[in-house]
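Structure first, commentary second.
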Amino acid sequence: LLFGGLGLVGAGIYKMFTTVPYGLLLMGGGFGLLPLHEKILLRMQERSDWEITVITGKNHRLRKYLQRHFPQIQALGFVDNVCDYMQRADLLITKPGGISTFEAIAARLPLFVIDPLLEQEIGNAQFIETAGFGTVIWGCGSAKKALSDAKADEILNRMSTLLSSPLALRQCRTRMQG
C-alpha cells in the first residue's frame, strides 16, 4: 500500500471542486472485513450529502454484494492508490489494523472505528482515542450479530456529528501532524 501525499492538501482542496459535502471511505484491510453492520450501511446510503467509497480488498464476494444491494455506494476491490482515496475523504471508517490506521495518520484523515475485536486493534483504537485522531465506538459486537435500531442510529448520529463539525475534523488532522 502507498503512503504518499501526507494529506497536506487533502479533502479541503477536493471540496472546492465537488458539490458533495462529505466523503466517507470504508476499508477493512486486505480481506475486506468491514467493521459495519448492514443496518448502518442502509442508513448511510440514504444520506444524499455523503459520498461513500468502500474498498473491499481481495474480498470479491463483498464487493459484488455491495454493488448489488447498495447501489449508492461505490464499491471497489483491491486498489494500489489508497492514498488518493484518503486524500479525497473527510473520514475513514475502518477496523483499526496497523496499516490502515497509520496510513490514515500519514494522510491526516480522521478515523471512525467501530468496535475493535482483536487485541492489537483494541490497542490501536485506544491510541486513536487517546491521541484524539478520531472516534471509537465500543460495544457493538461482531458485524454478524444483530444490532439494535437504537445502536445503529447512535453510530450514524456520532458519524454525522463528527462530519458536520469542521472544527473537530481540523483538530483531528492537526493532532496527526505532530
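Just remember, in the C-alpha cells the first chain shown is A, the second B, etc., residues are 1-based per chain, and ligands are 1-based in the order shown.
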request  = Fewer than 3 positions away in the same chain doesn't count, so skip those; otherwise give me all residues within 12 Å of A:Leu92, counting only C-alpha atoms, as a PyMOL selection string.
outcome  = chain A and resi 11+22-28+34-35+52-55+82-83+85-89+95-96+100-105+107-114+133-136+159+162-163+169+172
Residue subset to file, keeping C-alpha atoms, as a PDB file, in the first residue's frame:
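Result file is result_25.pdb:
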```
ATOM      1  CA  ALA A  11     -10.119  16.875   1.286  1.00  0.00           C
ATOM      2  CA  TYR A  22     -18.690  14.792   2.857  1.00  0.00           C
ATOM      3  CA  GLY A  23     -16.558  11.942   1.571  1.00  0.00           C
ATOM      4  CA  LEU A  24     -16.506   8.725   3.562  1.00  0.00           C
ATOM      5  CA  LEU A  25     -14.003   5.976   2.896  1.00  0.00           C
ATOM      6  CA  LEU A  26     -14.617   2.499   4.312  1.00  0.00           C
ATOM      7  CA  MET A  27     -11.835  -0.042   4.444  1.00  0.00           C
ATOM      8  CA  GLY A  28     -11.468  -3.396   6.131  1.00  0.00           C
ATOM      9  CA  LEU A  34     -15.699  -4.187   7.187  1.00  0.00           C
ATOM     10  CA  PRO A  35     -16.497  -3.108  10.729  1.00  0.00           C
ATOM     11  CA  ILE A  52     -19.319   6.744   0.196  1.00  0.00           C
ATOM     12  CA  THR A  53     -16.497   4.622  -1.193  1.00  0.00           C
ATOM     13  CA  VAL A  54     -15.776   1.128   0.101  1.00  0.00           C
ATOM     14  CA  ILE A  55     -12.511  -0.623  -0.655  1.00  0.00           C
ATOM     15  CA  VAL A  82      -5.286   4.058  -1.362  1.00  0.00           C
ATOM     16  CA  CYS A  83      -3.589   7.383  -0.659  1.00  0.00           C
ATOM     17  CA  TYR A  85      -8.870   7.869  -1.892  1.00  0.00           C
ATOM     18  CA  MET A  86      -7.689   9.007   1.535  1.00  0.00           C
ATOM     19  CA  GLN A  87      -6.859  12.482   0.256  1.00  0.00           C
ATOM     20  CA  ARG A  88     -10.396  12.879  -1.137  1.00  0.00           C
ATOM     21  CA  ALA A  89     -12.106  11.625   2.019  1.00  0.00           C
ATOM     22  CA  LYS A  95     -11.143  -1.554  11.700  1.00  0.00           C
ATOM     23  CA  PRO A  96      -8.022  -0.263  13.454  1.00  0.00           C
ATOM     24  CA  SER A 100      -4.945   1.313   7.749  1.00  0.00           C
ATOM     25  CA  THR A 101      -4.508   3.235  10.989  1.00  0.00           C
ATOM     26  CA  PHE A 102      -1.064   4.549  10.203  1.00  0.00           C
ATOM     27  CA  GLU A 103      -1.864   5.279   6.554  1.00  0.00           C
ATOM     28  CA  ALA A 104      -4.737   7.439   7.807  1.00  0.00           C
ATOM     29  CA  ILE A 105      -2.436   9.217  10.263  1.00  0.00           C
ATOM     30  CA  ALA A 107      -2.708  11.217   5.281  1.00  0.00           C
ATOM     31  CA  ARG A 108      -4.124  13.224   8.219  1.00  0.00           C
ATOM     32  CA  LEU A 109      -7.505  11.566   7.698  1.00  0.00           C
ATOM     33  CA  PRO A 110      -9.715  11.419  10.818  1.00  0.00           C
ATOM     34  CA  LEU A 111     -10.723   7.915  11.851  1.00  0.00           C
ATOM     35  CA  PHE A 112     -14.050   6.411  12.852  1.00  0.00           C
ATOM     36  CA  VAL A 113     -13.565   2.991  14.385  1.00  0.00           C
ATOM     37  CA  ILE A 114     -16.402   0.661  15.283  1.00  0.00           C
ATOM     38  CA  PHE A 133      -7.287  11.127  15.963  1.00  0.00           C
ATOM     39  CA  GLY A 134     -10.975  10.284  15.669  1.00  0.00           C
ATOM     40  CA  THR A 135     -13.888   8.479  17.260  1.00  0.00           C
ATOM     41  CA  VAL A 136     -14.098   4.930  18.564  1.00  0.00           C
ATOM     42  CA  MET A 159     -20.631   9.811  12.456  1.00  0.00           C
ATOM     43  CA  LEU A 162     -18.119  14.385  13.635  1.00  0.00           C
ATOM     44  CA  LEU A 163     -18.540  15.061   9.908  1.00  0.00           C
ATOM     45  CA  LEU A 169     -12.164  17.313  11.902  1.00  0.00           C
ATOM     46  CA  CYS A 172      -8.049  15.506  14.454  1.00  0.00           C
TER      47      CYS A 172
END
```
key: Backbone DSSP call of helix (DSSP H, G or I) for stretch 3-129 of chain A, listed as a ChimeraX atom specification   = /A:10-16,38-45,60-69,82-88,98-107,119-129
request  = Give me every strand (DSSP E or B) residue in stretch 7-151 of chain A, going by DSSP on the backbone, as an MDAnalysis selection string.
outcome  = chainID A and resid 22:27 50:55 74:76 91:94 111:114 134:137
task = Please provide the set of residues having any atom within 7 Å of stretch 70-78 of chain A, restricted to only C-alpha atoms, with same-chain residues fewer than 2 positions apart removed, written as a list in words.
result = Gln45, Ile52, Thr53, Val54, Ile55, Thr56, Gly57, Lys58, Asn59, His60, Arg63, Leu66, Gln67, Arg68 and Asp80 of chain A
ask   = Between A:Leu167, A:Ile93, A:Met176, A:Leu118, which has the minimum distance to A:Leu36 (counting only C-alpha atoms)?
value =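 Result for the nearest residue to A:Leu36: A:Ile93.
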